[in-house]
Each structure stands twice: as structure tokens, then as C-alpha cells.
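Novice: So I've got this file, entry-v1.cif, and it contains mmCIF, C-alpha atoms and all ligand atoms:
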```
data_input
loop_
_atom_site.label_atom_id
_atom_site.label_comp_id
_atom_site.auth_asym_id
_atom_site.auth_seq_id
_atom_site.Cartn_x
_atom_site.Cartn_y
_atom_site.Cartn_z
CA MET A 261 7.87 26.41 10.75
CA THR A 262 10.89 24.74 9.22
CA GLU A 263 10.09 21.68 11.31
CA LEU A 264 6.59 21.49 9.88
CA LEU A 265 7.97 21.80 6.36
CA ILE A 266 10.42 18.97 7.00
CA VAL A 267 7.58 16.78 8.25
CA LEU A 268 5.38 17.62 5.23
CA ALA A 269 8.19 17.11 2.74
CA THR A 270 9.06 13.79 4.35
CA VAL A 271 5.46 12.57 4.15
CA ILE A 272 5.37 13.43 0.43
CA ALA A 273 8.78 11.88 -0.19
CA MET A 274 7.71 8.75 1.70
CA GLU A 275 4.81 8.22 -0.70
CA GLY A 276 7.27 8.27 -3.61
CA PHE A 277 9.59 5.99 -1.72
CA ALA A 278 6.79 3.57 -0.73
CA TYR A 279 5.52 3.56 -4.32
CA SER A 280 8.98 2.65 -5.62
CA VAL A 281 9.60 -0.01 -3.00
CA HIS A 282 6.16 -1.49 -3.58
CA ARG A 283 6.48 -1.50 -7.35
CA TRP A 284 10.07 -2.52 -7.90
CA ILE A 285 11.11 -4.36 -4.75
CA MET A 286 7.99 -5.90 -3.21
CA HIS A 287 6.66 -6.84 -6.65
CA GLY A 288 10.17 -7.52 -7.90
CA SER A 289 11.72 -10.93 -7.83
CA TRP A 290 13.45 -10.67 -4.48
CA GLY A 291 10.94 -8.67 -2.46
CA TRP A 292 7.96 -10.79 -3.46
CA GLY A 293 8.89 -13.44 -0.89
CA TRP A 294 7.52 -11.26 1.90
CA HIS A 295 4.90 -9.35 -0.06
CA LYS A 296 3.24 -12.46 -1.55
CA SER A 297 1.64 -13.20 1.83
CA HIS A 298 -0.30 -9.96 1.45
CA HIS A 299 -1.62 -10.90 -1.98
CA ASP A 300 -2.64 -14.43 -1.01
CA HIS A 301 -6.33 -14.66 -0.34
CA ASP A 302 -6.25 -17.33 2.28
CA HIS A 303 -3.95 -15.86 4.85
CA GLU A 304 -4.40 -17.10 8.33
CA GLY A 305 -3.68 -15.47 11.62
CA THR A 306 -3.33 -11.84 12.54
CA PHE A 307 0.03 -11.18 10.94
CA GLU A 308 1.43 -11.62 7.45
CA LYS A 309 5.05 -11.97 6.43
CA ASN A 310 4.46 -8.70 4.57
CA ASP A 311 4.25 -6.91 7.94
CA LEU A 312 8.00 -7.35 8.19
CA TYR A 313 8.31 -4.44 5.75
CA ALA A 314 6.61 -2.20 8.30
CA VAL A 315 9.03 -3.49 10.93
CA VAL A 316 12.02 -2.64 8.69
CA PHE A 317 10.68 0.88 8.06
CA SER A 318 10.09 1.37 11.80
CA VAL A 319 13.69 0.39 12.52
CA PHE A 320 14.83 3.10 10.07
CA ALA A 321 12.62 5.68 11.75
CA ILE A 322 13.87 4.70 15.21
CA ALA A 323 17.47 5.01 13.99
CA LEU A 324 16.72 8.48 12.62
CA PHE A 325 15.09 9.54 15.91
CA ALA A 326 18.27 8.44 17.70
CA LEU A 327 20.61 10.16 15.23
CA GLY A 328 18.46 13.30 15.25
CA SER A 329 18.36 13.65 19.00
CA ARG A 330 22.12 13.20 19.29
CA TRP A 331 23.62 14.87 16.24
CA TRP A 332 21.35 16.73 13.92
CA PRO A 333 17.81 17.79 14.94
CA PRO A 334 16.38 17.96 11.38
CA LEU A 335 16.76 14.17 11.20
CA TRP A 336 14.48 13.90 14.19
CA TRP A 337 11.79 15.75 12.23
CA VAL A 338 12.36 13.51 9.22
CA ALA A 339 11.66 10.60 11.57
CA VAL A 340 8.45 12.34 12.69
CA GLY A 341 7.43 12.60 9.00
CA MET A 342 8.15 8.90 8.48
CA SER A 343 6.02 8.05 11.50
CA VAL A 344 3.17 10.27 10.31
CA TYR A 345 3.32 8.49 6.95
CA GLY A 346 3.25 5.15 8.78
CA VAL A 347 0.08 6.16 10.61
CA ILE A 348 -1.59 7.34 7.36
CA TYR A 349 -0.52 4.12 5.65
CA PHE A 350 -1.96 2.03 8.46
CA PHE A 351 -5.21 3.98 8.47
CA VAL A 352 -5.75 3.79 4.70
CA HIS A 353 -4.20 0.46 3.74
CA ASP A 354 -4.59 -1.80 6.74
CA GLY A 355 -7.71 -0.10 8.04
CA LEU A 356 -9.94 1.21 5.28
CA VAL A 357 -8.95 -1.21 2.52
CA HIS A 358 -8.10 -4.43 4.35
CA GLN A 359 -10.28 -3.99 7.42
CA ARG A 360 -7.64 -5.07 9.89
CA TRP A 361 -9.52 -3.34 12.61
CA PRO A 362 -12.62 -4.52 14.39
CA PHE A 363 -15.13 -2.30 12.61
CA ARG A 364 -16.25 -1.91 9.04
CA ALA A 365 -15.89 1.50 7.47
CA VAL A 366 -15.92 1.49 3.69
CA PRO A 367 -15.66 4.98 2.25
CA ARG A 368 -18.67 5.73 0.08
CA ARG A 369 -17.52 8.80 -1.77
CA GLY A 370 -14.76 11.28 -2.33
CA TYR A 371 -11.04 10.81 -2.45
CA LEU A 372 -10.96 8.07 0.19
CA ARG A 373 -13.37 6.07 -1.97
CA ARG A 374 -11.01 6.42 -4.94
CA LEU A 375 -8.07 5.38 -2.80
CA TYR A 376 -10.03 2.39 -1.55
CA GLN A 377 -11.11 1.25 -5.02
CA ALA A 378 -7.66 1.79 -6.48
CA HIS A 379 -6.08 -0.50 -3.93
CA ARG A 380 -8.80 -3.10 -4.41
CA LEU A 381 -7.82 -3.04 -8.09
CA HIS A 382 -4.19 -3.50 -7.05
CA HIS A 383 -5.36 -6.75 -5.52
CA ALA A 384 -7.55 -7.74 -8.48
CA VAL A 385 -4.54 -9.19 -10.28
CA GLU A 386 -3.16 -12.50 -9.18
CA GLY A 387 0.58 -12.77 -8.83
CA ARG A 388 3.19 -10.04 -8.84
CA GLU A 389 3.05 -8.91 -12.46
CA ASP A 390 0.67 -6.56 -14.31
CA CYS A 391 -0.61 -5.04 -11.07
CA VAL A 392 -1.82 -1.44 -11.02
CA SER A 393 -1.77 1.37 -8.46
CA PHE A 394 1.27 1.00 -6.23
CA GLY A 395 0.87 4.15 -4.16
CA PHE A 396 -0.87 4.22 -0.78
CA VAL A 397 -1.78 7.85 -0.29
CA TYR A 398 -2.06 8.93 -3.90
CA ALA A 399 -4.21 6.90 -6.29
CA PRO A 400 -4.81 7.58 -10.00
CA PRO A 401 -8.44 7.89 -11.13
CA VAL A 402 -10.17 4.52 -10.93
CA ASP A 403 -11.26 4.59 -14.58
CA ASP A 404 -7.64 4.95 -15.67
CA LEU A 405 -6.71 1.90 -13.62
CA LYS A 406 -9.56 -0.15 -15.05
CA ALA A 407 -8.54 0.87 -18.57
CA GLN A 408 -4.97 -0.15 -17.75
CA LEU A 409 -6.14 -3.56 -16.56
CA HIS A 410 -8.21 -4.06 -19.68
CA ARG A 411 -5.34 -3.00 -21.93
CA SER A 412 -2.92 -5.45 -20.38
CA GLY A 413 -5.59 -8.16 -20.73
CA VAL A 414 -4.65 -9.56 -17.37
CA LEU A 415 -8.21 -9.91 -16.07
CA ALA A 416 -9.40 -11.63 -19.23
CA ARG A 417 -6.49 -14.05 -19.07
CA ARG A 418 -7.24 -14.73 -15.49
CA GLN A 419 -10.94 -15.27 -16.03
CA SER A 420 -10.35 -17.74 -18.82
CA ARG A 421 -7.90 -19.66 -16.67
CA HIS A 422 -10.33 -20.27 -13.87
CA ARG A 423 -13.75 -19.11 -14.67
CA ASP A 424 -15.62 -17.13 -12.03
CA ALA A 425 -12.62 -16.98 -9.78
CA TRP A 426 -12.55 -13.23 -9.88
CA ARG A 427 -15.75 -11.38 -9.43
CA PRO A 428 -15.81 -7.78 -8.51
CA GLY A 429 -17.05 -7.58 -4.95
CA ARG A 430 -19.90 -5.38 -4.00
CA ASP A 431 -17.48 -2.70 -2.89
CA ASP A 432 -15.43 -2.72 -6.08
CA ALA A 433 -17.89 -1.40 -8.60
ZN ZN B 501 1.24 -5.30 -3.82
ZN ZN B 502 -3.06 -4.32 0.12
#
```
If you took the structure in this file and wrote it as C-alpha cells, what would it be?
Specialist:
Amino acid sequence: MTELLIVLATVIAMEGFAYSVHRWIMHGSWGWGWHKSHHDHDHEGTFEKNDLYAVVFSVFAIALFALGSRWWPPLWWVAVGMSVYGVIYFFVHDGLVHQRWPFRAVPRRGYLRRLYQAHRLHHAVEGREDCVSFGFVYAPPVDDLKAQLHRSGVLARRQSRHRDAWRPGRDDA
């Protein structure tokens, strides 16, 4: 029972951690170097430099598995929670939103739909500033995000800079 609680708490904590890393490091001045590859539209090949973040997180989890099995078992369960979060992240972000798997499955309704749209809106802004929705498992209501984008004026600025460059795709509306 305690083990399950550790796993659950870790998954929740990881979302907060991933949100913070995404917002302040990946979109910050020194983390953008890797993350930019994920926001570029014309990436080639199977992998992006941004995938290195997943590698770094995996190394942490592996270290915790090792520490947990030798010294303190709760750490092992923390590592399980991190891995569970990694699987959820891959399923939602790489799979549902970015279609990095060989089949197309766009959620049509419910919470997964909101998550999907929210992350599409994260990618609606060019560059690292003024982006919205940094979480991967929790997403604010889509209308709030749209209002936020309108308030910051970032889409209008962008549209006037190169007309027609951004059009909401058929899955964004
Ligand atoms: Zn981003
Ligand atoms: Zn993304």
C-alpha cells in the first residue's frame, strides 16, 4: 500500500517537476538549445535533440533504481513512479499529440481531447516566449489558453509578420 502511494505521489510530483523544467529551463535561455528542435516545424529524421531530455530523466530513474535496490527501497518505488510518468508522457505527448507512432489516433472528446488541444496551442506560438500550457498530464481548459494567447497578442503579432503562416489545423478547432 505504501509502495502504491509512493508511486502515485511520484507521478503527481513529476508533473509539477516536468512543468517547471519545461517552462523555466527548456523555454529558458539555456535549455532552449535542446528544446528548440521540438518546436521547429521542419525537423528531419526520427529523433530530435529534445529527446536528450528524456535520456537525462531516464539516467536519473536508473540511478534511483540502483540506489533503491542497494540502500533504501522507497527510492526504488520513486523510480517506478518516474518510469510510469515517462510512459504516460510518451503516450500523451509523443503519441497522441505528435503522432510519433505509426497510427493516427486523435482524441475526439473528453479530457484527452483537451490535453491534445492544449499542447497543440503550446506549439501555436513560434519561439520560446509567450507559450502557453507547459504541463503534459494536466492541461488548463482550452478556452483559458486561447484567451491567454489573445491577451498576450502573440498570435496577432505573428500573423502580421508573415501572413497565413499560422492557420489552425483541422484538429485544433
Ligand atoms: Zn515547449
Ligand atoms: Zn510538443
Novice: Within 7 Å of ligand ZN 501 (chain B), which residues of chain A come that close, and what is the closest atom pair and distance in Å for each? Count all atoms listed in the file and give it as a Markdown table.
Specialist:
```
| residue | atom | partner | partner_atom | distance |
| --- | --- | --- | --- | --- |
| A:His282 | CA | B:ZN501 | ZN | 6.2 |
| A:Met286 | CA | B:ZN501 | ZN | 6.8 |
| A:His287 | CA | B:ZN501 | ZN | 6.3 |
| A:His295 | CA | B:ZN501 | ZN | 6.6 |
| A:His299 | CA | B:ZN501 | ZN | 6.6 |
| A:His382 | CA | B:ZN501 | ZN | 6.6 |
| A:His383 | CA | B:ZN501 | ZN | 7.0 |
| A:Phe394 | CA | B:ZN501 | ZN | 6.7 |
```
Novice: What does the distance from CA of Phe396 in chain A to CA of Ile285 in chain A come to in Å, to one decimal?
Specialist: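 Here the two named atoms are 15.3 Å from each other.
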Novice: Considering only C-alpha atoms, return as an MDAnalysis selection string whatever protein or nucleic-acid residues lie within 12 Å of Ala365 in chain A, sequence-local ones (same chain, fewer than 5 positions apart) excluded.
Specialist: chainID A and resid 351:352 354:360 372:373 376 431
Novice: Hey, which of A:Leu312, A:His298, A:Val338, A:Phe320 ends up closest to Ile266 in chain A? Count only C-alpha atoms.
Specialist: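 Closest residue, counting only C-alpha atoms: A:Val338.
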Novice: Please provide the set of residues having any atom within 10 Å of Leu264 in chain A, restricted to all atoms listed in the file, with same-chain residues fewer than 6 positions apart removed, written as a PDB file with C-alpha atoms, in the coordinates of the input.
Specialist:
```
ATOM      1  CA  THR A 270       9.060  13.790   4.350  1.00  0.00           C
ATOM      2  CA  TRP A 337      11.790  15.750  12.230  1.00  0.00           C
ATOM      3  CA  VAL A 338      12.360  13.510   9.220  1.00  0.00           C
ATOM      4  CA  VAL A 340       8.450  12.340  12.690  1.00  0.00           C
ATOM      5  CA  GLY A 341       7.430  12.600   9.000  1.00  0.00           C
TER       6      GLY A 341
END
```
Novice: In Å to one decimal, how far is CA of Pro367 in chain A from CA of Pro401 in chain A?
Specialist: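 Separation of CA of Pro401 in chain A and CA of Pro367 in chain A: 15.5 Å.
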Novice: In terms of the shortest atom-to-atom distance over all atoms listed in the file, which of A:Ile272, A:Asn310, A:Ile348, A:Met342 is closest to Leu324 in chain A?
Specialist: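 Once distances to Leu324 in chain A are computed over all atoms listed in the file, the minimum belongs to A:Met342.
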Novice: Quick one: residues within 10 Å of Glu386 in chain A, only C-alpha atoms counted, chain neighbours fewer than 2 positions away excluded, as a PyMOL selection string?
Specialist: chain A and resi 296+299-301+382-384+388-391+414-415+418+426
Novice: Measuring atom to atom with all atoms listed in the file, identify which of A:Phe325, A:Asp311, A:Val316, A:Arg374 is nearest to ligand ZN 502 (chain B).
Specialist: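 Closest residue, counting all atoms listed in the file: A:Asp311.
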Novice: Which of these, A:Val402, A:Val366, A:Leu381, A:Leu409, has the shortest distance to ligand ZN 502 (chain B) once you count only C-alpha atoms and all ligand atoms?
Specialist: A:Leu381
Novice: Show me, as a ChimeraX atom specification, the residues that have an atom within 7 Å of Tyr345 in chain A when counting only C-alpha atoms, minus same-chain residues fewer than 4 positions from it.
Specialist: /A:271,274,341,349
Novice: Write a file of the selected residues as a compact mmCIF listing (two decimals), in the coordinates of the input, keeping C-alpha atoms.
Specialist:
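Contents of the output file selection-v6.txt:
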```
# COMPACT_ATOMS: atom_id res chain seq x y z
CA VAL A 271 5.46 12.57 4.15
CA MET A 274 7.71 8.75 1.70
CA GLY A 341 7.43 12.60 9.00
CA TYR A 349 -0.52 4.12 5.65
```
Novice: Smallest atom-to-atom distance to Trp294 in chain A: which of A:Ala314, A:Val347, A:Val267, A:Val392, using all atoms listed in the file?
Specialist: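 That would be A:Ala314, the residue with the smallest distance to Trp294 in chain A.
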Novice: Have a look at A:Gly413, A:Gly395, A:Pro362, A:Pro400 and name the one nearest to ligand ZN 502 (chain B); count only C-alpha atoms and all ligand atoms.
Specialist: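 Of all the options, A:Gly395 lies closest to ligand ZN 502 (chain B).
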